[in-house]
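Okay, structure first, notes after.
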Amino acid sequence: MNDKEKAALGSIAASAALTLAKAVVGVLTGSLAILSEAGHSLLDLAATVLTYVAVRVSGKPADAEHQYGHGKVESVAALAETALLFLLAAGVAFEAVQRLLGQQTYSVEATPAAFAIIAISIVVDFFRARTLGRVAEKTSSQALEADALHFSSDMWSSIAVLIGLGAVALGYSWADAAAALMVAVFICIAGWRLGRRTIDALTDTAPAGITERVAAIARRVPGIVGVERVRARPAGAVLFVDLAVGVNRTLPLDRVATIRDRLTRAIRAELPQAEVTITTEPRALDDETVRERVILIARNSGLAVHHVAVQALADRLSVSADLEVEGTLPLAAAHETASRLEEAIREELGPEVEVETHIEPLPAALLGARDATVARVAEISEALATLASGVAGLGEVHDVRVRETVDGEIVNFHCHVDPALSVSAVHDLVDGIERGLRRRFPIIARVIGHAEPRRAA
């Protein structure tokens with residue numbers, strides 16, 4: 001049994017005991033104020049039973065029919081309690097006015113038992129209102145909050161009854177009816193406050209300031225370039241948050257997913273009860289380069305490009321790129337793919353842009369291979385060392401691997417390079433060795449050289 005259910009059951013027991021005691025004392029003394037309090041307590045008993053049922057149902061997980069959970073069952077229960085409150089207030093007020101106008105004959109006795117039961121009621125209502133309020137705040141339970149509000153108002157109405165009994169003891173018989181009327185006023189105030197909160201919950205009214213708070217959290221998350229929309233609605237103990245944020249459109253999907261997860265964790269860190277749904281919308285940033293835009297266009301078309309070169313001519317831009325396609329694709333189909341990409345780039349950058357694509361075959365997704373013989377590896381290693389010795393800035397060639405495939409030999413090697421050289425310079429040096437090796441051994445299909453910065457002795 002959870003905290004909400006324990007609090008609801010304790011409230012049921014207290015309401016039942018107070019209802020019985022007030023009813024007995026009210027009948028014996030003829031006090032309308034005490035009888036109205038008994039009626040109020042009877043209503044509280046029905047309300048707490050309703051609350052107990054509501055908190056049990058609201059704790060059920062989401063299902064096929066209630067995909068957002070059962071949290072609003074508590075709001076429905078609170079709305080029913082509100083209606084009962086106003087109904088009781090109307091009955092008590094009518095009877096009190098009848099007595100004040102002298103249209104009913106009645107006799108009230110201010111007995112010690114009457115004072116005792118009202119004093120006990122005040123103490124009980126004080127402590128259970130505090131207990132229910134604490135549990136309601138901890139669990140965000142609207143039904144328990146409604147009960148806490150009830151018993152808080154009960155305490156003040158009981159104080160009014162106590163004052164009325166004191167006045168009756170001093171000889172002011174009309175004070176009992178006046179106290180009953182005051183009880184009706186307290187009941188109406190409690191009903192109004194509870195009804196307003198319940199209707200807000202049922203009509204998905206967002207908690208005050210929650211939109212600004214969620215937006216502020218989102219803006220602090222790296223990678224979020226804008227907050228487009230924030231919506232929130234409570235449902236029992238859960239706060240459903242739906243927001244749309246802008247992200248750099250050049251980011252790959254895995255980076256976008258990381259940003260979304262980071263944002264979800266940030267919101268739940270401050271709002272543990274939040275159930276978050278995030279939509280990311282691509283945004284073009286002001287500092288986006290032409291190269292980034294071309295790569296993005298290709299990626300959105302499901303294509304891969306590399307070696308994107310952008311030239312700024314006097315009156316136009318010139319863009320060239322290597323387009324990777326399946327090696328088994330017919331040239332006509334590959335050319336059509338390239339033409340679509342070129343047209344998409346012109347649509348993005350302008351019709352005057354000069355676009356050229358170089359079609360390159362992709363290697364097989366999985367190529368069967370086996371290690372070459374030791375003698376063959378030694379032969380290629382010696383050739384690589386000879387080629388590297390004639391290049392300034394290049395050092396020891398090591399970790400040479402040679403694999404035989406149906407498409408020819410594939411060679412991998414590492415070499416040490418002057419760490420002060422630029423990446424472009426190193427690429428040219430290593431590329432020269434790769435070309436020299438393939439000229440010497442035409443059977444080699446591909447050479448992959450890995451440059452490592454040479455460590456100081």
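We name chains A, B, ... following the order of the structure tokens; residues begin at 1 in each chain, and ligands are numbered from 1 as shown.
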If you run DSSP over the backbone, which residues in range 115-284 of chain A end up helix (DSSP H, G or I)? Put them as a ChimeraX atom specification.
/A:115-139,142-169,175-202,210-219,253-270
Could you name the residues that touch Glu275 in chain A at 9 Å or less, counting only C-alpha atoms, but leaving out those on the same chain fewer than 3 positions away, as a list in words?
Val238, Leu239, Phe240, Val241, Asp242, Thr264, Arg268 and Pro272 of chain A
What does the file look like for those residues with all heavy atoms, as a PDB file, in the first residue's frame?
ATOM      1  N   VAL A 238       1.316  13.266 -12.935  1.00  0.00           N
ATOM      2  CA  VAL A 238       2.214  13.378 -14.094  1.00  0.00           C
ATOM      3  C   VAL A 238       1.992  14.718 -14.791  1.00  0.00           C
ATOM      4  O   VAL A 238       0.858  15.182 -14.935  1.00  0.00           O
ATOM      5  CB  VAL A 238       1.970  12.222 -15.082  1.00  0.00           C
ATOM      6  CG1 VAL A 238       2.895  12.332 -16.289  1.00  0.00           C
ATOM      7  CG2 VAL A 238       2.164  10.879 -14.393  1.00  0.00           C
ATOM      8  N   LEU A 239       3.097  15.330 -15.211  1.00  0.00           N
ATOM      9  CA  LEU A 239       3.030  16.553 -16.012  1.00  0.00           C
ATOM     10  C   LEU A 239       3.531  16.206 -17.409  1.00  0.00           C
ATOM     11  O   LEU A 239       4.713  15.909 -17.598  1.00  0.00           O
ATOM     12  CB  LEU A 239       3.898  17.649 -15.393  1.00  0.00           C
ATOM     13  CG  LEU A 239       3.972  18.961 -16.178  1.00  0.00           C
ATOM     14  CD1 LEU A 239       2.614  19.660 -16.169  1.00  0.00           C
ATOM     15  CD2 LEU A 239       5.048  19.884 -15.607  1.00  0.00           C
ATOM     16  N   PHE A 240       2.641  16.225 -18.383  1.00  0.00           N
ATOM     17  CA  PHE A 240       3.035  15.928 -19.757  1.00  0.00           C
ATOM     18  C   PHE A 240       3.571  17.202 -20.412  1.00  0.00           C
ATOM     19  O   PHE A 240       2.882  18.234 -20.442  1.00  0.00           O
ATOM     20  CB  PHE A 240       1.838  15.387 -20.551  1.00  0.00           C
ATOM     21  CG  PHE A 240       1.416  14.012 -20.135  1.00  0.00           C
ATOM     22  CD1 PHE A 240       0.377  13.830 -19.244  1.00  0.00           C
ATOM     23  CD2 PHE A 240       2.080  12.893 -20.616  1.00  0.00           C
ATOM     24  CE1 PHE A 240      -0.011  12.563 -18.845  1.00  0.00           C
ATOM     25  CE2 PHE A 240       1.709  11.616 -20.224  1.00  0.00           C
ATOM     26  CZ  PHE A 240       0.656  11.454 -19.337  1.00  0.00           C
ATOM     27  N   VAL A 241       4.797  17.124 -20.913  1.00  0.00           N
ATOM     28  CA  VAL A 241       5.467  18.270 -21.541  1.00  0.00           C
ATOM     29  C   VAL A 241       5.762  17.926 -22.994  1.00  0.00           C
ATOM     30  O   VAL A 241       6.367  16.891 -23.281  1.00  0.00           O
ATOM     31  CB  VAL A 241       6.775  18.631 -20.804  1.00  0.00           C
ATOM     32  CG1 VAL A 241       7.473  19.787 -21.510  1.00  0.00           C
ATOM     33  CG2 VAL A 241       6.489  18.986 -19.353  1.00  0.00           C
ATOM     34  N   ASP A 242       5.320  18.791 -23.882  1.00  0.00           N
ATOM     35  CA  ASP A 242       5.538  18.602 -25.324  1.00  0.00           C
ATOM     36  C   ASP A 242       6.235  19.855 -25.837  1.00  0.00           C
ATOM     37  O   ASP A 242       5.680  20.949 -25.718  1.00  0.00           O
ATOM     38  CB  ASP A 242       4.187  18.394 -26.013  1.00  0.00           C
ATOM     39  CG  ASP A 242       4.310  18.366 -27.528  1.00  0.00           C
ATOM     40  OD1 ASP A 242       5.433  18.180 -28.019  1.00  0.00           O
ATOM     41  OD2 ASP A 242       3.286  18.534 -28.211  1.00  0.00           O
ATOM     42  N   THR A 264      15.980  15.891 -22.365  1.00  0.00           N
ATOM     43  CA  THR A 264      15.029  15.142 -21.537  1.00  0.00           C
ATOM     44  C   THR A 264      15.538  15.008 -20.110  1.00  0.00           C
ATOM     45  O   THR A 264      14.798  15.226 -19.138  1.00  0.00           O
ATOM     46  CB  THR A 264      14.790  13.747 -22.139  1.00  0.00           C
ATOM     47  OG1 THR A 264      14.250  13.881 -23.461  1.00  0.00           O
ATOM     48  CG2 THR A 264      13.820  12.950 -21.285  1.00  0.00           C
ATOM     49  N   ARG A 268      13.818  16.566 -16.609  1.00  0.00           N
ATOM     50  CA  ARG A 268      13.417  15.682 -15.508  1.00  0.00           C
ATOM     51  C   ARG A 268      14.224  15.944 -14.240  1.00  0.00           C
ATOM     52  O   ARG A 268      13.774  15.622 -13.149  1.00  0.00           O
ATOM     53  CB  ARG A 268      13.570  14.227 -15.939  1.00  0.00           C
ATOM     54  CG  ARG A 268      12.483  13.795 -16.923  1.00  0.00           C
ATOM     55  CD  ARG A 268      12.647  12.360 -17.348  1.00  0.00           C
ATOM     56  NE  ARG A 268      11.543  11.926 -18.205  1.00  0.00           N
ATOM     57  CZ  ARG A 268      11.536  10.815 -18.914  1.00  0.00           C
ATOM     58  NH1 ARG A 268      12.586  10.003 -18.859  1.00  0.00           N
ATOM     59  NH2 ARG A 268      10.498  10.496 -19.658  1.00  0.00           N
ATOM     60  N   PRO A 272      10.790  16.233 -11.860  1.00  0.00           N
ATOM     61  CA  PRO A 272      10.831  14.758 -11.859  1.00  0.00           C
ATOM     62  C   PRO A 272       9.538  14.111 -12.327  1.00  0.00           C
ATOM     63  O   PRO A 272       9.555  12.974 -12.812  1.00  0.00           O
ATOM     64  CB  PRO A 272      11.120  14.430 -10.389  1.00  0.00           C
ATOM     65  CG  PRO A 272      11.698  15.679  -9.800  1.00  0.00           C
ATOM     66  CD  PRO A 272      11.056  16.809 -10.541  1.00  0.00           C
TER      67      PRO A 272
END
Nearest to Leu85 in chain A, chosen from A:Trp156, A:Phe186, A:Phe413, A:Phe126, with only C-alpha atoms counted in the distances:
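The closest residue to Leu85 in chain A is A:Phe186.
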Please report the interatomic distance between CA of Gly133 in chain A and CA of Gly91 in chain A in Å with one decimal.
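These two atoms are separated by 28.1 Å.
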Considering only C-alpha atoms, can you say which of A:Ser75, A:Thr280, A:Thr289, A:Ser301 comes closest to Glu343 in chain A?
A:Ser301
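Nearest to Gln311 in chain A of all the residues A:Pro252, A:Val397, A:Val290, A:Arg455 is A:Val290, counting only C-alpha atoms.
The shell of residues at most 12 Å from Ile380 in chain A, with only C-alpha atoms counted and near chain neighbours (fewer than 6 positions) removed, consists of Ala372, Thr373, Val374, Thr386, Leu387, Val397, His398, Asp399, Val400, Arg401, Val402, Arg403, Glu409, Ile410, Val411, Asn412, Phe413, Ile433, Glu434, Gly436, Leu437, Arg438, Arg440, Phe441, Ile443, Ile444 and Val447 of chain A.
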Got a sec: who's within 10 Å of Glu342 in chain A, counting only C-alpha atoms, leaving out chain neighbours fewer than 4 positions off, as a PyMOL selection string?
chain A and resi 294+297-298+319-321+336-338+346-347+353-357
